[in-house]
file structure31.cif (mmCIF, C-alpha atoms and all ligand atoms)
data_protein
#
loop_
_atom_site.label_atom_id
_atom_site.label_comp_id
_atom_site.auth_asym_id
_atom_site.auth_seq_id
_atom_site.Cartn_x
_atom_site.Cartn_y
_atom_site.Cartn_z
CA MET A 1 271.20 63.58 82.37
CA VAL A 2 271.79 62.68 86.02
CA VAL A 3 275.32 62.48 87.35
CA LEU A 4 276.33 60.90 90.66
CA VAL A 5 279.05 62.94 92.38
CA THR A 6 280.80 61.13 95.23
CA GLY A 7 282.54 63.50 97.64
CA GLY A 8 280.54 66.34 96.12
CA ALA A 9 280.26 68.28 99.40
CA GLY A 10 284.06 68.72 99.48
CA TYR A 11 286.28 71.44 98.07
CA ILE A 12 286.70 70.39 94.43
CA GLY A 13 283.41 68.47 94.37
CA SER A 14 281.25 71.45 95.38
CA HIS A 15 282.81 73.67 92.69
CA THR A 16 282.31 70.92 90.12
CA VAL A 17 278.65 70.53 91.12
CA VAL A 18 278.20 74.26 90.37
CA GLU A 19 279.64 73.71 86.88
CA LEU A 20 277.48 70.63 86.30
CA LEU A 21 274.27 72.38 87.36
CA LYS A 22 275.17 75.40 85.23
CA SER A 23 275.74 73.07 82.26
CA GLY A 24 272.26 71.57 82.64
CA TYR A 25 273.08 68.27 84.37
CA ASP A 26 270.99 67.01 87.28
CA VAL A 27 273.17 66.06 90.22
CA VAL A 28 273.01 63.59 93.09
CA VAL A 29 275.79 64.05 95.66
CA LEU A 30 276.84 61.14 97.86
CA ASP A 31 279.12 62.12 100.74
CA ASN A 32 279.79 60.83 104.25
CA LEU A 33 280.73 64.38 105.37
CA SER A 34 283.93 63.04 106.94
CA ASN A 35 285.79 66.12 105.68
CA SER A 36 283.05 68.52 104.66
CA SER A 37 279.80 70.18 105.60
CA ALA A 38 276.41 69.87 103.91
CA GLU A 39 276.28 73.67 104.12
CA SER A 40 278.48 73.75 101.00
CA LEU A 41 275.64 72.14 99.03
CA LEU A 42 273.04 74.62 100.28
CA ARG A 43 275.33 77.34 99.01
CA VAL A 44 275.78 75.58 95.68
CA GLU A 45 272.00 75.71 95.34
CA LYS A 46 272.01 79.44 96.14
CA ILE A 47 274.77 80.14 93.61
CA THR A 48 273.12 78.22 90.80
CA GLY A 49 269.44 78.71 91.64
CA ARG A 50 269.02 74.96 91.11
CA LYS A 51 268.22 72.04 93.39
CA LEU A 52 270.35 68.95 93.87
CA GLU A 53 269.87 65.70 95.76
CA PHE A 54 272.10 64.89 98.72
CA VAL A 55 272.59 61.38 100.08
CA HIS A 56 274.51 61.10 103.35
CA ALA A 57 276.32 57.78 102.82
CA ASP A 58 279.70 56.15 102.44
CA ILE A 59 281.03 54.77 99.15
CA ARG A 60 281.89 51.55 100.99
CA GLU A 61 278.20 50.88 101.75
CA ARG A 62 277.34 48.57 98.88
CA ARG A 63 273.67 48.16 99.79
CA LYS A 64 273.09 51.92 99.82
CA LEU A 65 274.88 52.27 96.50
CA ASP A 66 272.72 49.55 94.93
CA GLU A 67 269.60 51.29 96.21
CA LEU A 68 270.77 54.61 94.77
CA PHE A 69 271.59 53.10 91.38
CA ARG A 70 268.09 51.56 91.32
CA GLN A 71 266.53 54.89 92.20
CA TYR A 72 268.30 57.00 89.53
CA ASP A 73 269.26 56.43 85.94
CA PHE A 74 272.80 57.79 86.20
CA SER A 75 274.62 58.57 82.98
CA ALA A 76 277.98 58.86 84.76
CA VAL A 77 279.79 59.04 88.08
CA ILE A 78 282.34 61.67 89.08
CA HIS A 79 284.33 60.21 91.93
CA PHE A 80 285.93 62.69 94.34
CA ALA A 81 285.31 60.80 97.59
CA GLY A 82 288.60 60.05 99.29
CA LEU A 83 290.91 60.96 102.13
CA LYS A 84 293.73 63.30 101.13
CA ALA A 85 296.00 64.20 104.04
CA VAL A 86 299.50 62.94 103.27
CA GLY A 87 300.81 62.91 106.87
CA GLU A 88 297.69 61.17 108.16
CA SER A 89 298.05 58.53 105.44
CA VAL A 90 301.55 57.71 106.69
CA ALA A 91 300.20 57.26 110.23
CA GLU A 92 297.04 55.37 109.21
CA PRO A 93 297.74 53.51 105.97
CA LEU A 94 294.98 50.93 106.45
CA ARG A 95 292.33 53.63 106.81
CA TYR A 96 293.57 55.26 103.60
CA TYR A 97 293.70 52.05 101.57
CA ASP A 98 290.33 50.95 102.91
CA ASN A 99 288.62 54.26 102.20
CA ASN A 100 290.30 55.22 98.92
CA VAL A 101 291.09 51.87 97.26
CA GLY A 102 288.40 49.74 98.94
CA GLY A 103 285.80 52.48 98.47
CA THR A 104 286.58 52.84 94.77
CA ILE A 105 286.34 49.08 94.23
CA THR A 106 282.94 48.95 95.95
CA LEU A 107 281.76 51.90 93.87
CA CYS A 108 282.89 50.24 90.62
CA GLN A 109 281.20 46.98 91.61
CA ALA A 110 277.93 48.82 92.17
CA MET A 111 278.34 50.68 88.86
CA GLU A 112 278.99 47.45 86.98
CA ALA A 113 275.98 45.77 88.56
CA ALA A 114 273.81 48.74 87.57
CA GLY A 115 275.21 48.95 84.03
CA VAL A 116 276.79 52.41 84.52
CA PHE A 117 280.23 52.45 82.90
CA ARG A 118 281.20 56.11 82.66
CA LEU A 119 283.56 57.32 85.39
CA VAL A 120 285.66 60.41 86.04
CA PHE A 121 288.28 59.84 88.75
CA SER A 122 290.24 62.40 90.83
CA SER A 123 293.86 61.43 90.53
CA SER A 124 296.82 63.60 91.40
CA ALA A 125 300.14 64.83 90.05
CA THR A 126 301.57 63.04 93.06
CA VAL A 127 301.55 59.79 90.99
CA TYR A 128 304.51 61.18 88.98
CA GLY A 129 306.75 61.13 92.09
CA GLU A 130 309.85 63.22 91.41
CA PRO A 131 310.22 63.54 87.64
CA GLU A 132 313.62 64.40 86.17
CA GLN A 133 312.17 66.82 83.68
CA MET A 134 309.63 69.64 83.64
CA PRO A 135 306.95 70.21 82.46
CA ILE A 136 305.27 66.88 83.21
CA LEU A 137 303.57 64.98 80.40
CA GLU A 138 301.02 62.21 80.86
CA ASN A 139 303.42 59.60 79.44
CA PHE A 140 306.06 60.18 82.14
CA THR A 141 306.77 57.24 84.45
CA VAL A 142 304.36 57.00 87.35
CA GLY A 143 304.42 55.14 90.65
CA GLY A 144 307.43 56.67 92.40
CA VAL A 145 305.16 57.77 95.22
CA THR A 146 306.42 58.20 98.75
CA ASN A 147 303.33 57.89 100.91
CA PRO A 148 300.14 55.79 101.22
CA TYR A 149 297.89 58.64 99.99
CA GLY A 150 299.84 58.92 96.73
CA ARG A 151 300.07 55.15 96.45
CA SER A 152 296.29 54.85 96.86
CA LYS A 153 295.84 57.12 93.82
CA TRP A 154 298.34 55.12 91.79
CA ILE A 155 296.75 51.81 92.75
CA ILE A 156 293.28 53.09 91.81
CA GLU A 157 294.56 54.28 88.42
CA GLN A 158 295.85 50.77 87.74
CA VAL A 159 292.63 49.12 88.94
CA LEU A 160 290.61 51.35 86.61
CA GLU A 161 292.93 50.68 83.68
CA ASP A 162 292.60 46.92 84.28
CA LEU A 163 288.85 47.30 84.40
CA SER A 164 288.71 49.12 81.09
CA CYS A 165 290.93 46.42 79.49
CA ALA A 166 288.71 43.65 80.81
CA ASP A 167 285.42 45.18 79.70
CA PRO A 168 285.22 47.60 76.75
CA ARG A 169 281.97 49.08 78.02
CA TRP A 170 283.90 51.18 80.54
CA SER A 171 284.87 54.74 79.66
CA ILE A 172 287.08 56.28 82.31
CA ALA A 173 288.83 59.62 82.70
CA LEU A 174 291.80 59.70 85.05
CA LEU A 175 292.32 63.38 85.84
CA ARG A 176 295.68 64.21 87.39
CA TYR A 177 295.21 67.47 89.25
CA PHE A 178 298.11 69.78 89.95
CA ASN A 179 297.56 72.23 92.86
CA PRO A 180 293.95 73.41 93.16
CA VAL A 181 293.53 76.78 94.88
CA GLY A 182 291.04 79.65 95.02
CA ALA A 183 287.30 79.61 95.44
CA HIS A 184 284.09 80.44 93.62
CA GLU A 185 283.94 84.14 92.70
CA SER A 186 280.86 84.62 94.91
CA GLY A 187 282.94 83.89 98.02
CA MET A 188 280.19 81.47 99.10
CA ILE A 189 282.06 78.19 98.65
CA GLY A 190 285.75 77.45 99.07
CA GLU A 191 288.34 75.30 100.78
CA ASP A 192 287.58 74.61 104.45
CA PRO A 193 290.46 72.59 105.87
CA ASP A 194 289.97 70.79 109.16
CA GLY A 195 292.50 72.14 111.68
CA VAL A 196 295.80 73.65 110.60
CA PRO A 197 296.06 73.57 106.80
CA ASN A 198 298.75 71.47 105.16
CA ASN A 199 298.52 73.27 101.84
CA LEU A 200 300.18 76.57 101.09
CA LEU A 201 297.42 78.98 100.06
CA PRO A 202 294.95 78.22 102.87
CA TYR A 203 297.87 78.63 105.27
CA ILE A 204 298.69 82.04 103.77
CA THR A 205 295.08 83.26 103.93
CA GLN A 206 294.73 82.08 107.53
CA VAL A 207 297.86 84.00 108.50
CA ALA A 208 296.41 87.06 106.78
CA VAL A 209 293.08 86.73 108.57
CA GLY A 210 294.85 86.33 111.93
CA ARG A 211 293.98 82.70 112.58
CA LEU A 212 297.62 81.63 112.28
CA GLN A 213 300.68 83.63 113.27
CA GLN A 214 303.34 82.99 110.68
CA LEU A 215 303.92 80.99 107.52
CA SER A 216 306.79 78.50 107.55
CA VAL A 217 308.40 78.38 104.12
CA PHE A 218 309.63 74.83 103.78
CA GLY A 219 313.11 75.17 102.29
CA ASP A 220 314.89 77.89 100.28
CA ASP A 221 317.65 75.65 98.94
CA TYR A 222 315.87 73.93 96.03
CA SER A 223 317.32 74.51 92.57
CA THR A 224 314.50 76.87 91.61
CA LYS A 225 314.61 80.58 90.79
CA ASP A 226 314.45 81.73 94.44
CA GLY A 227 315.22 78.41 96.14
CA THR A 228 311.63 77.78 97.30
CA GLY A 229 309.35 75.02 95.96
CA VAL A 230 307.61 75.55 92.62
CA ARG A 231 304.10 74.26 91.85
CA ASP A 232 301.42 74.53 89.18
CA TYR A 233 298.54 76.25 91.01
CA ILE A 234 295.21 75.99 89.23
CA HIS A 235 291.96 77.81 90.02
CA VAL A 236 289.43 75.32 91.40
CA CYS A 237 286.73 76.61 89.00
CA ASP A 238 289.00 75.90 86.02
CA LEU A 239 289.59 72.44 87.43
CA ALA A 240 285.83 72.00 87.86
CA SER A 241 285.12 72.87 84.23
CA GLY A 242 287.68 70.22 83.20
CA HIS A 243 285.35 67.60 84.69
CA VAL A 244 282.44 68.71 82.54
CA LYS A 245 284.70 68.55 79.47
CA ALA A 246 285.84 65.06 80.47
CA LEU A 247 282.20 63.93 80.82
CA ASP A 248 281.47 65.22 77.30
CA PHE A 249 284.48 63.31 75.98
CA LEU A 250 283.46 60.06 77.65
CA GLU A 251 280.11 60.09 75.85
CA ASN A 252 281.92 59.13 72.64
CA HIS A 253 285.06 57.30 73.80
CA ASN A 254 285.63 54.02 75.58
CA GLY A 255 288.70 52.86 77.50
CA ALA A 256 290.67 54.60 80.24
CA GLN A 257 292.48 57.84 79.44
CA VAL A 258 294.69 60.17 81.44
CA TRP A 259 294.83 63.96 81.43
CA ASN A 260 296.88 66.49 83.38
CA LEU A 261 294.76 69.33 84.68
CA GLY A 262 297.14 72.19 85.36
CA THR A 263 297.95 75.62 83.93
CA GLY A 264 301.44 74.81 82.62
CA HIS A 265 302.97 77.59 84.79
CA GLY A 266 305.08 77.12 87.90
CA TYR A 267 305.12 79.59 90.80
CA SER A 268 307.42 79.51 93.82
CA VAL A 269 306.30 79.78 97.44
CA LEU A 270 307.62 83.35 97.55
CA ASP A 271 305.82 84.20 94.27
CA MET A 272 302.63 83.05 96.00
CA VAL A 273 303.31 85.11 99.12
CA HIS A 274 304.04 88.24 97.08
CA ALA A 275 301.05 87.77 94.75
CA PHE A 276 298.79 87.34 97.77
CA GLU A 277 300.20 90.46 99.45
CA GLU A 278 299.66 92.48 96.30
CA VAL A 279 296.05 91.40 95.86
CA SER A 280 294.99 91.56 99.53
CA GLY A 281 297.06 94.49 100.72
CA CYS A 282 298.00 92.36 103.77
CA LYS A 283 301.54 91.54 104.84
CA VAL A 284 302.22 87.82 105.32
CA ASP A 285 304.76 87.16 108.03
CA TYR A 286 306.95 84.19 107.12
CA LYS A 287 310.17 82.50 108.09
CA ILE A 288 312.35 80.04 106.24
CA GLU A 289 312.33 76.56 107.76
CA PRO A 290 313.95 73.27 106.69
CA ARG A 291 312.45 71.32 103.78
CA ARG A 292 309.28 69.32 104.51
CA THR A 293 309.86 65.56 104.37
CA GLY A 294 308.59 64.06 101.14
CA ASP A 295 308.47 67.39 99.26
CA ILE A 296 309.88 67.80 95.79
CA GLY A 297 311.51 70.97 94.44
CA GLU A 298 309.32 71.56 91.44
CA CYS A 299 306.24 70.20 89.76
CA TRP A 300 304.32 71.70 86.87
CA SER A 301 302.29 70.32 84.03
CA ASP A 302 302.21 70.27 80.30
CA PRO A 303 298.41 70.53 79.95
CA SER A 304 298.36 70.41 76.13
CA LYS A 305 296.79 66.93 75.91
CA ALA A 306 293.68 68.20 77.72
CA ARG A 307 293.59 71.23 75.42
CA ARG A 308 293.85 69.06 72.31
CA GLU A 309 291.52 66.25 73.32
CA LEU A 310 289.06 67.80 75.76
CA GLY A 311 289.06 71.34 74.40
CA TRP A 312 289.85 72.49 77.93
CA GLN A 313 292.30 75.08 79.14
CA ALA A 314 292.68 76.92 82.45
CA GLN A 315 291.51 80.52 82.08
CA ARG A 316 292.02 82.21 85.43
CA SER A 317 295.20 84.09 86.40
CA LEU A 318 297.22 83.87 89.61
CA HIS A 319 295.72 87.25 90.52
CA THR A 320 292.19 85.81 90.26
CA MET A 321 293.19 82.73 92.32
CA MET A 322 294.43 85.04 95.08
CA ALA A 323 291.47 87.43 94.94
CA ASP A 324 288.94 84.58 95.09
CA ALA A 325 290.76 82.70 97.86
CA TRP A 326 290.92 85.91 99.88
CA ARG A 327 287.24 86.77 99.34
CA TRP A 328 286.23 83.30 100.55
CA GLN A 329 288.51 83.55 103.61
CA GLN A 330 287.27 87.02 104.55
CA GLN A 331 283.61 86.17 104.15
CA ASN A 332 284.05 82.86 106.02
CA PRO A 333 286.94 83.35 108.46
CA HIS A 334 286.06 80.10 110.22
CA GLY A 335 284.88 78.11 107.21
CA TYR A 336 281.34 76.75 106.85
CA GLU A 337 280.47 75.81 110.40
CA HIS A 338 280.91 79.16 112.11
CA SER A 339 280.37 81.67 109.33
P1 LIG A 401 287.76 67.11 100.21
O1 LIG A 401 288.21 66.38 101.42
O2 LIG A 401 287.33 68.52 100.37
O3 LIG A 401 286.60 66.29 99.48
C1 LIG A 401 286.51 64.90 99.54
C2 LIG A 401 285.07 64.57 99.95
O4 LIG A 401 284.90 63.15 99.99
C3 LIG A 401 284.71 65.11 101.34
O5 LIG A 401 283.48 65.81 101.24
C4 LIG A 401 284.57 63.86 102.21
O6 LIG A 401 283.60 64.02 103.21
C5 LIG A 401 284.17 62.82 101.16
N1 LIG A 401 284.52 61.43 101.49
C6 LIG A 401 285.72 60.95 101.88
N2 LIG A 401 285.65 59.61 102.03
C7 LIG A 401 284.38 59.23 101.73
C8 LIG A 401 283.68 58.00 101.70
N3 LIG A 401 284.29 56.87 102.05
N4 LIG A 401 282.39 58.00 101.33
C9 LIG A 401 281.75 59.14 101.00
N5 LIG A 401 282.35 60.34 101.01
C10 LIG A 401 283.66 60.39 101.37
O7 LIG A 401 288.96 67.00 99.15
P2 LIG A 401 289.13 67.73 97.74
O8 LIG A 401 290.29 68.63 97.85
O9 LIG A 401 287.85 68.25 97.26
O10 LIG A 401 289.58 66.49 96.86
C11 LIG A 401 288.69 65.74 96.09
C12 LIG A 401 289.43 64.57 95.46
O11 LIG A 401 290.50 65.09 94.67
C13 LIG A 401 290.07 63.62 96.47
O12 LIG A 401 289.95 62.31 95.98
C14 LIG A 401 291.52 64.07 96.49
O13 LIG A 401 292.38 63.02 96.84
C15 LIG A 401 291.72 64.49 95.04
N6 LIG A 401 292.81 65.47 94.89
C16 LIG A 401 292.79 66.61 95.63
C17 LIG A 401 293.83 67.53 95.49
C18 LIG A 401 293.84 68.80 96.30
O14 LIG A 401 294.86 69.44 96.37
N7 LIG A 401 292.76 69.23 96.91
C19 LIG A 401 294.87 67.27 94.59
C20 LIG A 401 294.85 66.10 93.85
C21 LIG A 401 293.79 65.19 94.00
C1 LIG A 402 300.73 68.41 98.74
C2 LIG A 402 300.81 66.92 98.96
C3 LIG A 402 300.34 66.21 97.69
C4 LIG A 402 298.93 66.67 97.31
C5 LIG A 402 298.97 68.20 97.15
C6 LIG A 402 297.65 68.81 96.82
C7 LIG A 402 302.67 66.60 100.51
C8 LIG A 402 304.06 66.09 100.70
N1 LIG A 402 302.19 66.55 99.27
O1 LIG A 402 301.56 68.74 97.68
O2 LIG A 402 300.31 64.82 97.89
O3 LIG A 402 298.52 66.07 96.11
O4 LIG A 402 299.42 68.78 98.39
O5 LIG A 402 296.76 68.63 97.90
O6 LIG A 402 302.01 67.00 101.47
N2 LIG A 402 304.64 75.05 101.63
C9 LIG A 402 305.27 75.87 102.53
N3 LIG A 402 304.65 76.09 103.73
C10 LIG A 402 303.44 75.55 104.05
C11 LIG A 402 302.80 74.71 103.11
C12 LIG A 402 303.43 74.47 101.91
O7 LIG A 402 306.36 76.37 102.26
O8 LIG A 402 302.95 75.79 105.17
C13 LIG A 402 305.29 74.81 100.31
C14 LIG A 402 305.60 73.36 100.02
O9 LIG A 402 306.88 73.04 100.48
C15 LIG A 402 305.49 73.32 98.48
C16 LIG A 402 304.39 74.37 98.18
O10 LIG A 402 304.35 75.22 99.33
O11 LIG A 402 306.69 73.77 97.90
C17 LIG A 402 303.03 73.76 97.96
O12 LIG A 402 302.70 72.92 99.05
P1 LIG A 402 301.28 72.19 99.19
O13 LIG A 402 300.20 73.19 99.03
O14 LIG A 402 301.31 71.41 100.45
O15 LIG A 402 301.21 71.24 97.92
P2 LIG A 402 302.24 70.09 97.44
O16 LIG A 402 303.48 70.11 98.22
O17 LIG A 402 302.37 70.23 95.98
#
call {"tool": "encode", "arguments": {"input": "structure31.cif", "output": "structure tokens"}}
result
Amino acid sequence: MVVLVTGGAGYIGSHTVVELLKSGYDVVVLDNLSNSSAESLLRVEKITGRKLEFVHADIRERRKLDELFRQYDFSAVIHFAGLKAVGESVAEPLRYYDNNVGGTITLCQAMEAAGVFRLVFSSSATVYGEPEQMPILENFTVGGVTNPYGRSKWIIEQVLEDLSCADPRWSIALLRYFNPVGAHESGMIGEDPDGVPNNLLPYITQVAVGRLQQLSVFGDDYSTKDGTGVRDYIHVCDLASGHVKALDFLENHNGAQVWNLGTGHGYSVLDMVHAFEEVSGCKVDYKIEPRRTGDIGECWSDPSKARRELGWQAQRSLHTMMADAWRWQQQNPHGYEHS
């Protein structure tokens, strides 16, 4: 079976392509490389010992999509392609809505025209906004998002739900990721943020490797165990295997369904710093700063629906997340381009 993976050269996409190839799928990656390097795909081939097809294109290019759908008999599409920087989305909302919402609509139009109705979509825990209760279940209210990036995810979820209501041939998985971290155990692929990282763990590893001086801990006055923000960090390879499980599920189920992909455990910023120090043996210099605008105090999942329905559960510990993130950072101190 051939699967089209949009955004497959990126962080989560490349790890998912490894899982797909290992599970026997053939893979075509479509990516415009706006936030990634094709080097990641060469490394995926080295890790798996398998070949994949790469198409350098944009999901908004309808003609290219039509050509691709004529060329291959895709059984499904896994759709990672999107822009994901929250701050940038506030500054450039049109670019975010055009790329994320417009791009998804064009992709679905091409799928419909080609008679491909199976879709796995990368959504985010951000659609839950600031829930009153933890852990977060799929039936919690969504939509209380505070920025265009989050709103683009919420809008796309609704578009896809409407689509599945209008035409029962669609089978769609909306996967709400919690906080993906870590890297493939080989150290050959991992997260390669452009410029200064926004996310916590890449920031920590770049401080440790000497690329950045000091971590700013955004707030120590939340009502959490040590006052710092709590999140549900999930190993990117566990997240990747969730996509293969979702594909299996979609073979026998129509409609649009939602699953949380998280571990069900919350760790604070200081837990993360200490776990990293323990695993790496490096000291991470940090200072407490004011809260970051738009941040919430805590956010962790109840992942039991995915366990029940997809037969999926995260396997890797916080220790493994740290060890793998650190191996990737050490082997590739400047990411893909300069390693
Ligand atoms: P990433 O930036 O590493 O990967 C996204 C990929 O999509 C990149 O390779 C980029 O070049 C490509 N792309 C972007 N716009 C495109 C377009 N118009 N046409 C073709 N390719 C395009 O990001 P990631 O962390 O791997 O995230 C993958 C998906 O998961 C995104 O949709 C993101 O919003 C979502 N997500 C990520 C996180 C996270 O913390 N990383 C959390 C929740 C959801
Ligand atoms: C951020 C995004 C969210 C996105 C998610 C995963 C914001 C407001 N939200 O969420 O939309 O889905 O990433 O990509 O950007 N922290 C520090 N210092 C840092 C970086 C982070 O203390 O330099 C803290 C944060 O305050 C938070 C925790 O670490 O408590 C995790 O932060 P981060 O990795 O950015 O993820 P989220 O805030 O969950």
call {"tool": "axis_aligned_box", "arguments": {"input": "structure31.cif", "around": "ligand LIG 401 (chain A)", "padding_each_side": "4 Å", "output": "AutoDock Vina command-line options"}}
result
--center_x 288.3 --center_y 63.2 --center_z 98.5 --size_x 21.1 --size_y 20.6 --size_z 17.4
call {"tool": "residues_near_ligand", "arguments": {"input": "structure31.cif", "ligand": "ligand LIG 402 (chain A)", "cutoff": "9 Å", "atoms": "all atoms listed in the file", "output": "VMD selection string"}}
result
chain A and resid 84 to 87 123 to 127 145 to 147 149 to 150 177 to 181 197 to 204 215 to 220 228 to 233 268 to 270 272 288 to 289 291 to 299
call {"tool": "residues_near_ligand", "arguments": {"input": "structure31.cif", "ligand": "ligand LIG 401 (chain A)", "cutoff": "6 Å", "atoms": "only C-alpha atoms and all ligand atoms", "output": "JSON, numbers by chain"}}
result
{"A": [7, 8, 9, 10, 11, 12, 13, 31, 32, 33, 34, 35, 36, 57, 58, 59, 60, 80, 81, 82, 83, 84, 99, 103, 122, 123, 124, 177, 179, 180]}
call {"tool": "closest_residue", "arguments": {"input": "structure31.cif", "among": "A:Arg316, A:Leu239, A:Asp248, A:Gly210", "to": "Pro333 of chain A", "atoms": "all atoms listed in the file"}}
result
A:Gly210
call {"tool": "closest_residue", "arguments": {"input": "structure31.cif", "among": "A:Val44, A:Ile155, A:Ala76, A:Cys282", "to": "Val207 of chain A", "atoms": "all atoms listed in the file"}}
result
A:Cys282
call {"tool": "closest_residue", "arguments": {"input": "structure31.cif", "among": "A:Thr104, A:Ser37, A:Met188, A:Val116", "to": "His79 of chain A", "atoms": "all atoms listed in the file"}}
result
A:Thr104
call {"tool": "decode", "arguments": {"input": "structure31.cif", "residues": "segment 304-319 of chain A", "atoms": "N, CA, C and O atoms", "output": "CSV table (one decimal), in the first residue's frame"}}
result
chain,number,residue,atom,x,y,z
A,304,SER,N,-6.6,7.3,27.1
A,304,SER,CA,-7.2,5.9,27.1
A,304,SER,C,-8.0,5.6,25.9
A,304,SER,O,-8.2,4.5,25.6
A,305,LYS,N,-8.6,6.6,25.3
A,305,LYS,CA,-9.4,6.4,24.1
A,305,LYS,C,-8.5,5.7,23.0
A,305,LYS,O,-8.9,4.8,22.3
A,306,ALA,N,-7.3,6.3,22.8
A,306,ALA,CA,-6.4,5.7,21.8
A,306,ALA,C,-6.0,4.3,22.2
A,306,ALA,O,-5.8,3.4,21.3
A,307,ARG,N,-5.8,4.1,23.5
A,307,ARG,CA,-5.4,2.7,23.9
A,307,ARG,C,-6.6,1.7,23.6
A,307,ARG,O,-6.4,0.7,23.0
A,308,ARG,N,-7.8,2.1,23.9
A,308,ARG,CA,-9.0,1.3,23.7
A,308,ARG,C,-9.2,1.0,22.2
A,308,ARG,O,-9.4,-0.1,21.8
A,309,GLU,N,-9.2,2.1,21.5
A,309,GLU,CA,-9.7,2.0,20.1
A,309,GLU,C,-8.6,1.7,19.0
A,309,GLU,O,-8.9,1.1,18.0
A,310,LEU,N,-7.5,2.3,19.3
A,310,LEU,CA,-6.4,2.1,18.3
A,310,LEU,C,-5.4,1.0,18.8
A,310,LEU,O,-4.6,0.5,18.0
A,311,GLY,N,-5.5,0.6,20.0
A,311,GLY,CA,-4.5,-0.4,20.5
A,311,GLY,C,-3.1,0.3,20.6
A,311,GLY,O,-2.1,-0.4,20.5
A,312,TRP,N,-3.1,1.6,20.9
A,312,TRP,CA,-1.8,2.3,20.9
A,312,TRP,C,-1.6,2.9,22.3
A,312,TRP,O,-2.5,3.4,23.0
A,313,GLN,N,-0.4,2.8,22.7
A,313,GLN,CA,0.0,3.4,24.0
A,313,GLN,C,1.5,3.9,23.9
A,313,GLN,O,2.3,3.1,23.4
A,314,ALA,N,1.8,5.0,24.5
A,314,ALA,CA,3.2,5.5,24.5
A,314,ALA,C,4.0,4.5,25.3
A,314,ALA,O,3.6,4.1,26.4
A,315,GLN,N,5.2,4.2,24.9
A,315,GLN,CA,6.0,3.2,25.5
A,315,GLN,C,7.3,3.8,26.2
A,315,GLN,O,7.8,3.2,27.1
A,316,ARG,N,7.8,4.9,25.7
A,316,ARG,CA,9.1,5.4,26.0
A,316,ARG,C,9.0,6.3,27.2
A,316,ARG,O,8.2,7.2,27.3
A,317,SER,N,10.0,6.2,28.1
A,317,SER,CA,10.1,6.9,29.4
A,317,SER,C,10.6,8.3,29.1
A,317,SER,O,11.3,8.6,28.1
A,318,LEU,N,10.5,9.2,30.2
A,318,LEU,CA,11.1,10.5,30.1
A,318,LEU,C,12.6,10.4,29.9
A,318,LEU,O,13.3,11.1,29.2
A,319,HIS,N,13.2,9.4,30.6
A,319,HIS,CA,14.7,9.1,30.5
A,319,HIS,C,15.1,8.9,29.0
A,319,HIS,O,16.0,9.5,28.5
